[in-house]
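Shown next: run03.csv, given as CSV, C-alpha atoms.
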```
chain,number,residue,atom,x,y,z
V,228,MET,CA,179.5,-140.6,-37.2
V,229,ALA,CA,176.2,-141.9,-38.3
V,230,MET,CA,174.6,-145.1,-37.1
V,231,THR,CA,172.9,-147.8,-39.3
V,232,ALA,CA,169.3,-148.9,-38.7
V,233,ALA,CA,170.6,-152.3,-37.8
V,234,GLN,CA,172.9,-150.9,-35.1
V,235,ILE,CA,170.0,-148.9,-33.6
V,236,GLU,CA,167.8,-152.0,-33.7
V,237,SER,CA,170.4,-154.1,-32.0
V,238,PHE,CA,170.8,-151.7,-29.1
V,239,ILE,CA,167.0,-151.5,-28.6
V,240,ARG,CA,166.7,-155.3,-29.0
V,241,ALA,CA,169.3,-155.9,-26.3
V,242,ALA,CA,167.3,-153.8,-23.8
V,243,PHE,CA,163.9,-155.0,-24.9
V,244,PRO,CA,164.2,-158.7,-26.0
V,245,ASP,CA,160.4,-159.0,-26.6
V,246,ALA,CA,160.0,-155.8,-28.6
V,247,GLU,CA,158.5,-155.3,-32.0
V,248,ILE,CA,160.9,-152.9,-33.6
V,249,GLU,CA,160.5,-151.0,-36.9
V,250,ILE,CA,163.2,-148.6,-38.0
V,251,LYS,CA,163.0,-146.3,-41.0
V,252,ASP,CA,165.8,-144.2,-42.4
V,253,LEU,CA,163.7,-141.1,-43.2
V,254,ALA,CA,166.1,-139.1,-45.3
V,255,GLY,CA,168.3,-141.9,-46.5
V,256,ASP,CA,171.3,-140.2,-44.9
V,257,GLY,CA,171.9,-142.5,-42.0
V,258,ASN,CA,171.1,-139.5,-39.7
V,259,HIS,CA,167.4,-139.1,-39.5
V,260,TYR,CA,165.5,-142.2,-38.3
V,261,GLU,CA,162.1,-143.1,-37.1
V,262,ALA,CA,161.6,-146.0,-34.7
V,263,HIS,CA,158.4,-147.7,-33.6
V,264,VAL,CA,159.0,-149.9,-30.5
V,265,ARG,CA,156.4,-152.0,-28.8
V,266,SER,CA,157.4,-153.9,-25.7
V,267,SER,CA,155.7,-155.3,-22.6
V,268,ALA,CA,158.4,-153.4,-20.7
V,269,PHE,CA,156.5,-150.2,-21.4
V,270,ALA,CA,153.3,-151.3,-19.6
V,271,GLY,CA,152.3,-148.8,-16.9
V,272,LYS,CA,155.0,-146.3,-17.9
V,273,SER,CA,154.4,-142.7,-19.0
V,274,ARG,CA,155.4,-141.7,-22.5
V,275,VAL,CA,158.4,-139.8,-21.1
V,276,GLN,CA,159.5,-142.8,-19.2
V,277,GLN,CA,159.1,-145.1,-22.2
V,278,HIS,CA,161.3,-142.8,-24.3
V,279,GLN,CA,163.8,-142.4,-21.5
V,280,MET,CA,164.1,-146.3,-21.5
V,281,VAL,CA,164.8,-146.3,-25.2
V,282,TYR,CA,167.4,-143.5,-24.9
V,283,ALA,CA,169.0,-145.4,-22.0
V,284,ALA,CA,169.2,-148.5,-24.3
V,285,LEU,CA,171.1,-146.3,-26.9
V,286,GLU,CA,173.7,-145.6,-24.2
V,287,GLY,CA,174.1,-141.9,-24.7
V,288,ARG,CA,174.2,-142.0,-28.5
V,289,MET,CA,171.0,-140.1,-28.9
V,290,GLY,CA,171.7,-136.4,-29.3
V,291,GLY,CA,175.3,-137.3,-30.2
V,292,GLU,CA,176.2,-139.6,-33.1
V,293,LEU,CA,172.5,-140.2,-33.5
V,294,HIS,CA,171.1,-136.8,-34.4
V,295,ALA,CA,167.5,-137.5,-35.0
V,296,LEU,CA,165.4,-140.4,-34.0
V,297,ALA,CA,161.6,-139.8,-34.1
V,298,LEU,CA,160.4,-142.2,-31.4
V,299,HIS,CA,157.0,-143.9,-31.1
V,300,THR,CA,156.6,-146.3,-28.2
V,301,ALA,CA,153.7,-148.3,-27.0
V,302,PRO,CA,153.2,-151.2,-24.6
V,303,LYS,CA,152.7,-154.6,-26.2
V,304,PRO,CA,149.6,-156.2,-25.0
T,4,MET,CA,177.5,-131.5,-7.5
T,5,THR,CA,176.2,-128.0,-7.7
T,6,MET,CA,174.7,-127.0,-11.0
T,7,PRO,CA,173.9,-123.3,-11.4
T,8,ALA,CA,172.0,-124.3,-14.6
T,9,PHE,CA,169.7,-126.5,-12.5
T,10,GLU,CA,168.8,-123.6,-10.2
T,11,ARG,CA,168.0,-121.4,-13.2
T,12,ILE,CA,165.9,-124.1,-14.8
T,13,GLN,CA,164.0,-124.7,-11.5
T,14,LYS,CA,163.3,-121.0,-11.2
T,15,GLU,CA,162.2,-120.6,-14.8
T,16,ILE,CA,159.8,-123.5,-14.8
T,17,GLY,CA,158.5,-122.4,-11.4
T,18,GLU,CA,157.8,-118.9,-12.4
T,19,ASN,CA,156.4,-119.5,-15.9
T,20,ASP,CA,153.4,-121.8,-16.6
T,21,VAL,CA,154.6,-123.0,-20.0
T,22,VAL,CA,158.3,-123.0,-20.8
T,23,LEU,CA,159.9,-124.3,-24.0
T,24,TYR,CA,163.6,-125.0,-24.1
T,25,MET,CA,164.4,-124.7,-27.8
T,26,LYS,CA,166.9,-123.9,-30.5
T,27,GLY,CA,166.3,-120.4,-31.6
T,28,THR,CA,163.4,-118.3,-30.5
T,29,PRO,CA,159.6,-118.6,-30.9
T,30,GLN,CA,159.9,-116.0,-33.7
T,31,PHE,CA,162.9,-117.6,-35.3
T,32,PRO,CA,163.2,-121.3,-34.4
T,33,GLN,CA,166.5,-122.6,-35.7
T,34,CYS,CA,165.6,-126.3,-35.8
T,35,GLY,CA,162.6,-128.1,-37.3
T,36,PHE,CA,161.7,-129.9,-34.1
T,37,SER,CA,161.7,-126.7,-32.1
T,38,ALA,CA,159.6,-125.0,-34.9
T,39,THR,CA,157.0,-127.9,-34.7
T,40,VAL,CA,156.4,-127.5,-31.0
T,41,THR,CA,156.3,-123.7,-31.3
T,42,LYS,CA,153.6,-124.1,-34.0
T,43,ILE,CA,151.6,-126.4,-31.9
T,44,LEU,CA,151.6,-124.1,-28.9
T,45,THR,CA,150.8,-121.1,-31.0
T,46,HIS,CA,148.0,-123.0,-32.7
T,47,LEU,CA,146.5,-123.8,-29.2
T,48,GLY,CA,146.8,-120.2,-28.3
T,49,VAL,CA,149.0,-120.9,-25.3
T,50,PRO,CA,151.4,-118.1,-24.1
T,51,PHE,CA,154.8,-119.6,-23.4
T,52,LYS,CA,158.3,-118.6,-22.6
T,53,GLY,CA,160.8,-119.7,-25.2
T,54,VAL,CA,164.4,-120.2,-23.9
T,55,ASN,CA,167.0,-120.4,-26.6
T,56,VAL,CA,169.6,-123.0,-25.5
T,57,LEU,CA,171.9,-122.0,-28.4
T,58,GLU,CA,172.8,-118.8,-26.5
T,59,ASP,CA,174.0,-120.7,-23.5
T,60,LEU,CA,176.1,-123.8,-23.6
T,61,GLU,CA,175.8,-124.5,-19.9
T,62,LEU,CA,172.0,-124.4,-20.2
T,63,ARG,CA,172.1,-126.5,-23.4
T,64,GLN,CA,173.8,-129.4,-21.4
T,65,GLY,CA,172.1,-128.5,-18.1
T,66,ILE,CA,168.6,-129.0,-19.4
T,67,LYS,CA,169.5,-132.4,-20.7
T,68,ASP,CA,170.9,-133.5,-17.4
T,69,PHE,CA,168.0,-131.9,-15.5
T,70,SER,CA,165.3,-133.9,-17.3
T,71,ASN,CA,167.4,-136.9,-18.2
T,72,TRP,CA,166.4,-136.2,-21.8
T,73,PRO,CA,169.0,-136.1,-24.5
T,74,THR,CA,167.4,-133.8,-27.0
T,75,ILE,CA,166.0,-130.3,-27.5
T,76,PRO,CA,163.2,-129.0,-27.6
T,77,GLN,CA,161.8,-129.8,-24.2
T,78,LEU,CA,158.4,-128.6,-23.0
T,79,TYR,CA,157.5,-127.9,-19.4
T,80,VAL,CA,154.0,-127.2,-18.1
T,81,LYS,CA,153.5,-126.0,-14.5
T,82,GLY,CA,157.0,-127.1,-13.6
T,83,GLU,CA,156.6,-130.6,-15.1
T,84,PHE,CA,158.4,-132.1,-18.0
T,85,VAL,CA,155.8,-133.0,-20.7
T,86,GLY,CA,158.2,-134.3,-23.4
T,87,GLY,CA,160.1,-133.6,-26.6
T,88,CYS,CA,158.8,-133.0,-30.1
T,89,ASP,CA,157.5,-136.5,-30.7
T,90,ILE,CA,155.5,-136.7,-27.5
T,91,VAL,CA,154.2,-133.2,-27.9
T,92,ARG,CA,153.1,-134.0,-31.4
T,93,GLU,CA,151.4,-137.2,-30.4
T,94,MET,CA,149.6,-135.5,-27.5
T,95,PHE,CA,148.5,-132.7,-29.8
T,96,GLU,CA,147.1,-135.1,-32.4
T,97,SER,CA,145.3,-137.2,-29.8
T,98,GLY,CA,143.9,-134.1,-28.1
T,99,GLU,CA,145.7,-134.9,-24.8
T,100,LEU,CA,147.8,-131.8,-24.9
T,101,LYS,CA,144.8,-129.5,-25.1
T,102,THR,CA,143.1,-131.4,-22.3
T,103,LEU,CA,146.3,-131.1,-20.1
T,104,LEU,CA,146.4,-127.3,-20.8
T,105,VAL,CA,142.7,-126.8,-20.1
T,106,ASP,CA,143.0,-128.9,-16.9
T,107,LYS,CA,145.8,-126.6,-15.8
T,108,GLY,CA,143.8,-123.6,-16.6
T,109,LEU,CA,146.1,-122.5,-19.4
T,110,ALA,CA,143.9,-122.8,-22.4
T,111,ALA,CA,140.2,-122.5,-23.1
```
Please render this file's structure as structure tokens.
Amino acid sequence: MAMTAAQIESFIRAAFPDAEIEIKDLAGDGNHYEAHVRSSAFAGKSRVQQHQMVYAALEGRMGGELHALALHTAPKP
Amino acid sequence: MTMPAFERIQKEIGENDVVLYMKGTPQFPQCGFSATVTKILTHLGVPFKGVNVLEDLELRQGIKDFSNWPTIPQLYVKGEFVGGCDIVREMFESGELKTLLVDKGLAA
């Protein structure tokens, strides 16, 4: 049960309204994505915490219907 | 809720300086992400204990609940969760991973 890039983006957008989000379908198979997310919500958080926040936004889909999402997060100045 | 898996994990990351929960073994990783982290640790010359979660379903779920992290691999240094493949790769490329290991006395 693959997810589309637009679905992934909308979950992330709902949790981080101010975010700059860029999602790439790496293999063109709807299964391996790369996401760059920059949000002010990440300020002062560790990398692990930033990624945990994105995983939380995906509501359990990561590691399930979303097999591979290479994640790059950074605070937005 | 008691979780026997949690106790095992706590013991493993307490007794070993560097532990990688992975799919497959350091000799034969069975997933590209686990292979990447194995390569980075090997490149840095850091001895580590690889734990194959594919051999143990309870552990495979337990490690995800333990760290609140949905994917494998997961790297622990001195009992602390460092990150998954993306974070380890980023920290390797920026030199932070080496600094962390040197600071902990695990790499030269």
For this session: Excluding region 277-289 of chain V and any residue of its chain fewer than 6 positions from it, enumerate the residues within 6 Å of it, using all atoms listed in the file, and give them as a list in words.
Result: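 Answer for this query is Phe238, Ile239, Ala242 and Phe269 of chain V.
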For this session: Identify which of the residues T:Phe36, T:Phe84, T:Phe9, T:Phe51 lies closest to Asp68 (chain T), counting all atoms listed in the file when measuring atom-to-atom distances.
Result: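 The closest residue to Asp68 (chain T) is T:Phe9.
CA of Leu100 (chain T) is found 21.8 Å from CA of Gln30 (chain T).
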Residue list for chain T near chain V as a CSV table (one decimal) with C-alpha atoms, keeping the file's coordinate frame, 6 Å, all atoms listed in the file:
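The resulting part-v2.csv:
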```
chain,number,residue,atom,x,y,z
T,73,PRO,CA,169.0,-136.1,-24.5
T,74,THR,CA,167.4,-133.8,-27.0
T,86,GLY,CA,158.2,-134.3,-23.4
```
For this session: Would you kindly return, as number ranges by chain, each protein, DNA or RNA residue with an atom no farther than 9 Å from any atom of Val22 (chain T), considering only C-alpha atoms and excluding same-chain residues fewer than 6 positions away?
Result: T: 15-16, 51-54, 77-82
Exercise. Expressed in Å to a single decimal, how great is the separation between CA of Phe31 (chain T) and CA of Leu57 (chain T)?
Worked result: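 CA of Leu57 (chain T) lies 12.2 Å from CA of Phe31 (chain T).
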Problem set entry | d(CA of Leu109 (chain T), CA of Gly87 (chain T)) in Å |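 Interatomic distance here is 19.3 Å.
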Problem set entry | Which of V:Ser266, V:Tyr260, V:Ala301, V:Phe243 sits closest to Met230 (chain V) [using all atoms listed in the file] |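 So, comparing all the options, the nearest one is V:Tyr260.
Neighbourhood of point (172.6, -141.5, -44.7): residues with an atom at most 12 Å away, counting only C-alpha atoms, are Met228, Ala229, Met230, Thr231, Ala232, Lys251, Asp252, Leu253, Ala254, Gly255, Asp256, Gly257, Asn258, His259, Tyr260, Leu293, His294 and Ala295 of chain V.
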Exercise. Quick one: of T:Trp72, T:Leu47, T:Glu58, T:Lys67, who's nearest to Glu96 (chain T), counting all atoms listed in the file?
Worked result: T:Leu47
